[in-house]
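Trainee: My structure is stored as coords_1.cif, with mmCIF, C-alpha atoms.
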```
data_data
#
loop_
_atom_site.label_atom_id
_atom_site.label_comp_id
_atom_site.auth_asym_id
_atom_site.auth_seq_id
_atom_site.Cartn_x
_atom_site.Cartn_y
_atom_site.Cartn_z
CA MET A 1 -17.52 -16.82 2.43
CA THR A 2 -19.66 -14.30 4.29
CA GLY A 3 -19.52 -12.63 7.66
CA ARG A 4 -16.44 -11.78 9.62
CA GLU A 5 -13.64 -14.24 9.20
CA ARG A 6 -10.09 -14.44 10.35
CA THR A 7 -7.51 -17.12 9.82
CA ARG A 8 -3.99 -17.26 11.17
CA SER A 9 -1.29 -19.39 9.69
CA ARG A 10 2.25 -18.98 8.47
CA SER A 11 4.02 -20.02 5.30
CA SER A 12 7.06 -22.15 6.02
CA SER A 13 9.11 -19.76 3.91
CA THR A 14 7.90 -16.56 5.58
CA PRO A 15 10.89 -14.75 7.13
CA ARG A 16 10.74 -14.29 10.87
CA GLY A 17 12.62 -10.98 10.93
CA GLY A 18 11.83 -7.55 9.56
CA ALA A 19 8.92 -5.17 9.80
CA ARG A 20 5.46 -6.63 10.29
CA LEU A 21 3.26 -5.62 7.37
CA GLY A 22 -0.51 -5.43 7.21
CA ILE A 23 -1.91 -5.58 3.66
CA LEU A 24 -5.33 -4.06 2.96
CA LEU A 25 -7.00 -5.05 -0.30
CA SER A 26 -10.45 -5.17 -1.88
CA GLY A 27 -9.87 -7.11 -5.11
CA ARG A 28 -7.30 -9.27 -6.86
CA GLY A 29 -4.40 -7.92 -4.83
CA SER A 30 -1.72 -7.99 -7.54
CA ASN A 31 0.39 -5.45 -5.66
CA PHE A 32 0.07 -7.59 -2.55
CA LEU A 33 1.50 -10.49 -4.56
CA ALA A 34 4.36 -8.28 -5.76
CA LEU A 35 5.18 -7.36 -2.16
CA HIS A 36 4.94 -10.99 -1.08
CA ALA A 37 7.29 -12.06 -3.89
CA ALA A 38 9.80 -9.41 -2.81
CA VAL A 39 9.64 -10.71 0.77
CA GLU A 40 10.16 -14.28 -0.42
CA ARG A 41 13.23 -13.45 -2.51
CA GLY A 42 14.78 -11.37 0.27
CA ALA A 43 14.43 -8.01 -1.48
CA LEU A 44 12.01 -6.64 1.13
CA PRO A 45 13.11 -6.97 4.79
CA ALA A 46 9.66 -7.62 6.19
CA ARG A 47 7.07 -10.27 6.93
CA ILE A 48 3.39 -10.15 6.11
CA ALA A 49 1.62 -10.31 9.45
CA LEU A 50 -1.93 -9.96 8.09
CA VAL A 51 -3.79 -9.69 4.79
CA LEU A 52 -7.16 -8.04 5.41
CA SER A 53 -10.02 -7.29 3.04
CA ASN A 54 -13.31 -5.48 3.34
CA VAL A 55 -14.62 -7.89 0.67
CA PRO A 56 -14.75 -11.47 2.01
CA GLU A 57 -14.75 -12.99 -1.49
CA ALA A 58 -11.83 -10.88 -2.77
CA PRO A 59 -9.48 -12.98 -4.97
CA GLY A 60 -6.48 -11.46 -3.20
CA LEU A 61 -7.71 -12.76 0.14
CA ALA A 62 -8.17 -16.25 -1.30
CA ARG A 63 -4.65 -16.15 -2.72
CA ALA A 64 -3.25 -15.11 0.67
CA ARG A 65 -4.91 -18.15 2.24
CA GLU A 66 -3.37 -20.37 -0.42
CA LEU A 67 0.04 -18.92 0.44
CA GLY A 68 -0.49 -19.74 4.12
CA LEU A 69 -0.54 -16.13 5.23
CA PRO A 70 -2.64 -14.79 8.12
CA THR A 71 -5.90 -13.36 6.77
CA ALA A 72 -8.94 -11.48 7.98
CA ALA A 73 -12.21 -10.42 6.36
CA VAL A 74 -13.99 -7.42 7.84
CA PRO A 75 -16.92 -6.67 5.51
CA SER A 76 -17.69 -3.03 4.91
CA ARG A 77 -21.03 -3.81 3.32
CA GLY A 78 -23.65 -3.81 6.02
CA ALA A 79 -21.36 -2.25 8.62
CA VAL A 80 -23.16 -0.16 11.23
CA SER A 81 -20.95 2.83 10.44
CA ARG A 82 -17.62 3.76 8.93
CA GLU A 83 -16.25 4.29 12.42
CA ALA A 84 -17.37 0.85 13.58
CA HIS A 85 -15.87 -0.80 10.51
CA GLU A 86 -12.54 0.98 10.91
CA ALA A 87 -12.45 0.14 14.60
CA GLU A 88 -12.73 -3.55 13.74
CA VAL A 89 -10.07 -3.26 11.04
CA GLY A 90 -7.76 -1.45 13.43
CA SER A 91 -8.27 -4.04 16.14
CA ALA A 92 -7.40 -6.86 13.73
CA LEU A 93 -4.23 -5.07 12.62
CA GLU A 94 -3.16 -4.37 16.18
CA ALA A 95 -3.87 -7.93 17.27
CA ALA A 96 -1.55 -9.12 14.48
CA GLY A 97 1.19 -6.78 15.67
CA VAL A 98 1.20 -4.82 12.40
CA GLU A 99 3.81 -2.04 12.26
CA TRP A 100 3.30 -0.82 8.67
CA ILE A 101 0.13 -0.85 6.56
CA CYS A 102 0.34 -1.31 2.79
CA LEU A 103 -2.71 -0.49 0.69
CA ALA A 104 -3.00 -2.79 -2.32
CA GLY A 105 -6.17 -1.85 -4.12
CA TYR A 106 -8.09 -1.09 -0.93
CA MET A 107 -11.21 0.68 -2.16
CA ARG A 108 -11.94 2.55 1.04
CA LEU A 109 -10.92 6.10 1.93
CA LEU A 110 -9.33 5.93 5.37
CA SER A 111 -10.58 8.40 7.94
CA PRO A 112 -8.25 10.95 9.55
CA GLY A 113 -8.64 9.15 12.86
CA PHE A 114 -7.50 5.85 11.37
CA VAL A 115 -4.50 7.47 9.67
CA ARG A 116 -3.45 9.07 12.96
CA ARG A 117 -3.25 5.61 14.57
CA TRP A 118 -0.36 4.76 12.21
CA PRO A 119 1.31 8.12 11.50
CA ARG A 120 3.72 7.89 8.54
CA ARG A 121 3.23 4.13 8.62
CA ILE A 122 0.59 3.71 5.88
CA VAL A 123 1.83 3.37 2.30
CA ASN A 124 -0.10 3.38 -0.97
CA VAL A 125 0.65 3.04 -4.68
CA HIS A 126 -1.41 5.10 -7.13
CA PRO A 127 -1.55 4.71 -10.94
CA SER A 128 -0.53 8.23 -11.89
CA LEU A 129 2.30 10.68 -11.36
CA LEU A 130 0.79 12.50 -8.43
CA PRO A 131 -0.33 15.18 -7.85
CA ALA A 132 -1.80 14.65 -11.33
CA PHE A 133 -4.98 12.57 -11.55
CA PRO A 134 -5.79 11.56 -7.97
CA GLY A 135 -8.78 9.40 -7.14
CA LEU A 136 -10.54 6.82 -9.28
CA ASP A 137 -9.78 5.99 -12.93
CA ALA A 138 -6.44 7.78 -13.03
CA GLN A 139 -5.61 6.07 -16.34
CA GLY A 140 -8.81 7.31 -17.91
CA GLN A 141 -8.12 10.79 -16.60
CA ALA A 142 -4.66 10.71 -18.16
CA LEU A 143 -6.02 9.67 -21.55
CA ALA A 144 -8.78 12.28 -21.41
CA HIS A 145 -6.19 15.00 -20.76
CA GLY A 146 -3.98 13.82 -23.60
CA VAL A 147 -0.80 13.56 -21.53
CA LYS A 148 2.25 11.97 -23.15
CA VAL A 149 3.65 10.51 -19.92
CA SER A 150 1.81 8.89 -17.03
CA GLY A 151 3.11 6.44 -14.43
CA CYS A 152 2.72 5.47 -10.80
CA THR A 153 3.49 6.92 -7.39
CA VAL A 154 4.25 5.33 -4.03
CA HIS A 155 3.32 7.74 -1.25
CA LEU A 156 2.68 7.90 2.46
CA VAL A 157 -1.00 8.19 3.29
CA ASP A 158 -2.18 11.34 5.01
CA GLU A 159 -5.64 12.62 5.87
CA ARG A 160 -6.52 13.68 2.30
CA LEU A 161 -7.03 11.71 -0.90
CA ASP A 162 -3.77 10.71 -2.64
CA SER A 163 -1.96 13.72 -1.22
CA GLY A 164 0.65 12.33 1.19
CA PRO A 165 4.42 12.76 0.84
CA ILE A 166 5.77 11.09 -2.31
CA VAL A 167 8.27 8.27 -1.74
CA ALA A 168 9.01 7.25 -5.34
CA GLN A 169 7.64 7.53 -8.87
CA GLU A 170 8.09 5.71 -12.17
CA ALA A 171 7.14 7.23 -15.52
CA VAL A 172 5.23 5.25 -18.15
CA PRO A 173 4.91 6.69 -21.69
CA VAL A 174 1.43 7.03 -23.12
CA GLU A 175 1.56 5.46 -26.57
CA ASP A 176 -0.43 6.38 -29.65
CA GLY A 177 -3.49 4.19 -29.80
CA ASP A 178 -3.52 3.46 -26.07
CA ASP A 179 -6.85 2.73 -24.48
CA ARG A 180 -7.48 2.55 -20.77
CA ASP A 181 -6.76 -1.17 -20.49
CA ARG A 182 -3.46 -1.05 -22.39
CA LEU A 183 -2.20 1.92 -20.41
CA ALA A 184 -3.41 0.45 -17.12
CA ALA A 185 -1.57 -2.82 -17.80
CA ARG A 186 1.76 -1.06 -18.37
CA ILE A 187 1.29 1.16 -15.33
CA LEU A 188 0.43 -1.89 -13.21
CA ALA A 189 3.67 -3.59 -14.26
CA ALA A 190 5.52 -0.46 -13.13
CA GLU A 191 3.66 -0.52 -9.80
CA HIS A 192 4.83 -4.09 -9.20
CA ARG A 193 8.43 -2.96 -9.66
CA LEU A 194 8.21 0.30 -7.76
CA TYR A 195 6.16 -0.61 -4.68
CA PRO A 196 8.56 -3.20 -3.19
CA ARG A 197 11.62 -1.04 -3.91
CA ALA A 198 10.09 2.06 -2.37
CA LEU A 199 8.90 0.20 0.72
CA ALA A 200 12.33 -1.41 1.15
CA ARG A 201 13.90 2.06 1.17
CA LEU A 202 11.46 3.26 3.83
CA LEU A 203 12.33 0.26 5.98
CA THR A 204 16.10 0.33 5.58
CA GLU A 205 17.20 3.92 4.92
CA ARG A 206 17.14 7.12 6.90
CA TRP A 207 14.46 9.55 5.81
CA GLU A 208 12.50 12.55 6.95
CA VAL A 209 9.54 14.64 5.89
CA ARG A 210 9.98 18.38 5.49
CA GLY A 211 6.74 20.07 4.58
CA ARG A 212 5.38 17.92 1.76
CA ARG A 213 8.75 16.54 0.73
CA LEU A 214 10.06 13.15 1.83
CA ALA A 215 13.84 12.97 1.60
CA PHE A 216 16.15 10.02 2.09
CA ALA A 217 19.42 10.78 3.83
CA GLY A 218 22.60 9.17 5.11
CA PRO A 219 23.64 8.88 8.78
CA ALA A 220 24.50 12.58 9.01
CA GLY A 221 22.13 15.53 8.98
CA GLY A 222 19.81 14.63 11.82
CA ALA A 223 17.57 12.33 9.84
CA ALA A 224 15.69 9.56 11.56
CA GLY A 225 17.05 6.05 11.72
CA PRO A 226 16.01 3.38 9.20
CA GLY A 227 12.26 3.03 9.13
CA GLU A 228 11.79 5.87 11.61
CA PRO A 229 9.80 8.84 10.26
CA HIS A 230 10.92 12.30 11.30
CA GLU A 231 9.15 15.59 10.83
CA GLY A 232 11.60 18.20 9.63
CA GLY A 233 11.25 21.90 10.08
#
```
Show me the file's structure as structure tokens.

Mentor:
Amino acid sequence: MTGRERTRSRSSSTPRGGARLGILLSGRGSNFLALHAAVERGALPARIALVLSNVPEAPGLARARELGLPTAAVPSRGAVSREAHEAEVGSALEAAGVEWICLAGYMRLLSPGFVRRWPRRIVNVHPSLLPAFPGLDAQGQALAHGVKVSGCTVHLVDERLDSGPIVAQEAVPVEDGDDRDRLAARILAAEHRLYPRALARLLTERWEVRGRRLAFAGPAGGAAGPGEPHEGG
């Protein structure tokens, strides 16, 4: 399918309560499917309000349609400008009533202006233990550096590349004889476990950001309410 496309439908099993999520993806969307599975089994108190891709033929977008989820395609190829493309993406998310944005293999670096539209409301999962190995091919970077432990990180998105406050991490040992594909497969399995759990904590627990550190807290101590970001001093 080419051109701009948007479909709106709802799975009969999609919960009606919870935070409204917008999923951005560019490829197969395996982390999107992990989030969707967590919603379906009641482990993630949210509903997927929109699955959007900058690649109209992305397998993840096709899978979202099969699941009866609302979808949109906003092609980045051929866009007049980055600003124009992001404006269209933002409009689609706002029209769907999206409250939180989850990046699931979205191969576009979001502009500072876009991030400011959803402050502390954009979440990403990265296949390394940040701040080590940001950017592309994190698994290859880990192997090239000879590290013994890699893993994945769920973090809030800020205005720089893979540098936002860390929500959660899971370590994955680097085994003798690993190549990029073997290591990537084990890290991806960890991402599928970690991403829904970390997002559920953001949506249900009290937390705040102090400097670069995101901390979860109980009712005391002046932290924000569940799902409400707070900038500490």

Trainee: Using only C-alpha atoms, can you tell me which of A:Ala72, A:Ala184, A:Val89, A:Val154 comes closest to Gln169 of chain A?

Mentor: A:Val154

Trainee: To one decimal place in Å, what is the distance between atom CA of Val167 of chain A and atom CA of His155 of chain A?

Mentor: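 It comes out at 5.0 Å.
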
Trainee: Can you build me a table of segment 173-197 of chain A residues sitting at most 8 Å from segment 133-150 of chain A, with the closest atom pair per residue and its distance in Å to one decimal, using all atoms listed in the file, sorted by chain and residue number, as a tab-separated table?

Mentor:
```
residue	atom	partner	partner_atom	distance
A:Pro173	CA	A:Val149	CA	4.4
A:Val174	CA	A:Lys148	CA	5.0
A:Glu175	CA	A:Lys148	CA	7.4
A:Asp179	CA	A:Leu143	CA	7.6
A:Arg180	CA	A:Gly140	CA	5.7
A:Leu183	CA	A:Gln139	CA	6.7
A:Ala184	CA	A:Gln139	CA	6.1
A:Ile187	CA	A:Ser150	CA	7.9
```

Trainee: Would you translate the PyMOL selection byres ((chain A and resi 51-68) around 6) into the concrete set of residues it matches in this file, as a PyMOL selection string?

Mentor: chain A and resi 9-11+22-29+50+69+71-76

Trainee: From the set A:Arg117, A:Arg206, A:His85, A:His126, which residue has the shortest atom-to-atom contact distance to Leu103 of chain A, counting all atoms listed in the file?

Mentor: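 Closest to Leu103 of chain A of all the choices is A:His126.
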
Trainee: Can you turn the PyMOL selection byres ((chain A and resi 43) around 12) into a concrete residue list for this file, as a ChimeraX atom specification?

Mentor: /A:15,18,34-42,44-47,193,195-201,203-204

Trainee: Write out, as a PDB file, keeping the file's coordinate frame, the residues just selected, with C-alpha atoms.

Mentor:
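After the write, part-v3.pdb holds the following:
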```pdb
ATOM      1  CA  PRO A  15      10.890 -14.750   7.130  1.00  0.00           C
ATOM      2  CA  GLY A  18      11.830  -7.550   9.560  1.00  0.00           C
ATOM      3  CA  ALA A  34       4.360  -8.280  -5.760  1.00  0.00           C
ATOM      4  CA  LEU A  35       5.180  -7.360  -2.160  1.00  0.00           C
ATOM      5  CA  HIS A  36       4.940 -10.990  -1.080  1.00  0.00           C
ATOM      6  CA  ALA A  37       7.290 -12.060  -3.890  1.00  0.00           C
ATOM      7  CA  ALA A  38       9.800  -9.410  -2.810  1.00  0.00           C
ATOM      8  CA  VAL A  39       9.640 -10.710   0.770  1.00  0.00           C
ATOM      9  CA  GLU A  40      10.160 -14.280  -0.420  1.00  0.00           C
ATOM     10  CA  ARG A  41      13.230 -13.450  -2.510  1.00  0.00           C
ATOM     11  CA  GLY A  42      14.780 -11.370   0.270  1.00  0.00           C
ATOM     12  CA  LEU A  44      12.010  -6.640   1.130  1.00  0.00           C
ATOM     13  CA  PRO A  45      13.110  -6.970   4.790  1.00  0.00           C
ATOM     14  CA  ALA A  46       9.660  -7.620   6.190  1.00  0.00           C
ATOM     15  CA  ARG A  47       7.070 -10.270   6.930  1.00  0.00           C
ATOM     16  CA  ARG A 193       8.430  -2.960  -9.660  1.00  0.00           C
ATOM     17  CA  TYR A 195       6.160  -0.610  -4.680  1.00  0.00           C
ATOM     18  CA  PRO A 196       8.560  -3.200  -3.190  1.00  0.00           C
ATOM     19  CA  ARG A 197      11.620  -1.040  -3.910  1.00  0.00           C
ATOM     20  CA  ALA A 198      10.090   2.060  -2.370  1.00  0.00           C
ATOM     21  CA  LEU A 199       8.900   0.200   0.720  1.00  0.00           C
ATOM     22  CA  ALA A 200      12.330  -1.410   1.150  1.00  0.00           C
ATOM     23  CA  ARG A 201      13.900   2.060   1.170  1.00  0.00           C
ATOM     24  CA  LEU A 203      12.330   0.260   5.980  1.00  0.00           C
ATOM     25  CA  THR A 204      16.100   0.330   5.580  1.00  0.00           C
TER      26      THR A 204
END
```

Trainee: Nearest to Asn124 of chain A: which of A:Leu109, A:Val98, A:Ala19, A:Ala87 is it, counting all atoms listed in the file?

Mentor: A:Leu109

Trainee: Identify, on the basis of only C-alpha atoms, every residue whose closest approach to Pro165 of chain A does not exceed 8 Å; exclude the query and any residue fewer than 3 positions from it along the same chain; express the result as a PyMOL selection string.

Mentor: chain A and resi 155-158+209+212-214

Trainee: For Glu99 of chain A, which residue out of A:Pro127, A:Gly78, A:Gly151, A:Pro119 is the nearest one, using all atoms listed in the file?

Mentor: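 Nearest candidate to Glu99 of chain A out of A:Pro127, A:Gly78, A:Gly151, A:Pro119: A:Pro119.
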
Trainee: Which residue gives the smallest distance to Arg186 of chain A among A:Ser111, A:Ser163, A:Ser128, A:Ser91, with all atoms listed in the file counted?

Mentor: A:Ser128

Trainee: When you look at Trp100 of chain A with a cut-off of 7 Å (counting all atoms listed in the file), what residues show up, excluding the ones that are within fewer than 3 positions of it in the same chain? I need them as a list of chain:residue names.

Mentor: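 Final neighbour list, sorted by chain and number: A:Arg20, A:Leu21, A:Gly22, A:Arg121, A:Ile122.
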
Trainee: Using all atoms listed in the file, which of A:Ala171, A:Leu130, A:Leu110, A:Leu33 sits nearest Glu83 of chain A?

Mentor: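 Ranked by minimum distance to Glu83 of chain A, first place goes to A:Leu110.
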
Trainee: Work out how far atom CA of Leu202 of chain A is from atom CA of Ala49 of chain A, in Å to one decimal.

Mentor: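 One can read the atom CA of Ala49 of chain A to atom CA of Leu202 of chain A distance as 17.7 Å.
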
Trainee: Work out how far atom CA of Met107 of chain A is from atom CA of Leu188 of chain A, in Å to one decimal.

Mentor: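 Computed distance, atom CA of Leu188 of chain A to atom CA of Met107 of chain A, equals 16.3 Å.
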
Trainee: Which residues come within 8 Å of Phe216 of chain A, counting all atoms listed in the file, excluding same-chain residues fewer than 5 positions away, as a PDB file with C-alpha atoms, in the frame of the given file?

Mentor:
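Saved file result39.pdb follows:
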```pdb
ATOM      1  CA  GLU A 205      17.200   3.920   4.920  1.00  0.00           C
ATOM      2  CA  ARG A 206      17.140   7.120   6.900  1.00  0.00           C
ATOM      3  CA  TRP A 207      14.460   9.550   5.810  1.00  0.00           C
ATOM      4  CA  GLU A 208      12.500  12.550   6.950  1.00  0.00           C
TER       5      GLU A 208
END
```

Trainee: In the coordinates of the file, take the point (-3.8, 12.9, 7.1) and a cut-off of 8 Å; then, counting all atoms listed in the file, name each qualifying protein, DNA or RNA residue as a list of chain:residue names.

Mentor: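 Residues lying no farther than 8 Å from the given point: A:Pro112, A:Val115, A:Arg116, A:Val157, A:Asp158, A:Glu159, A:Arg160, A:Gly164.
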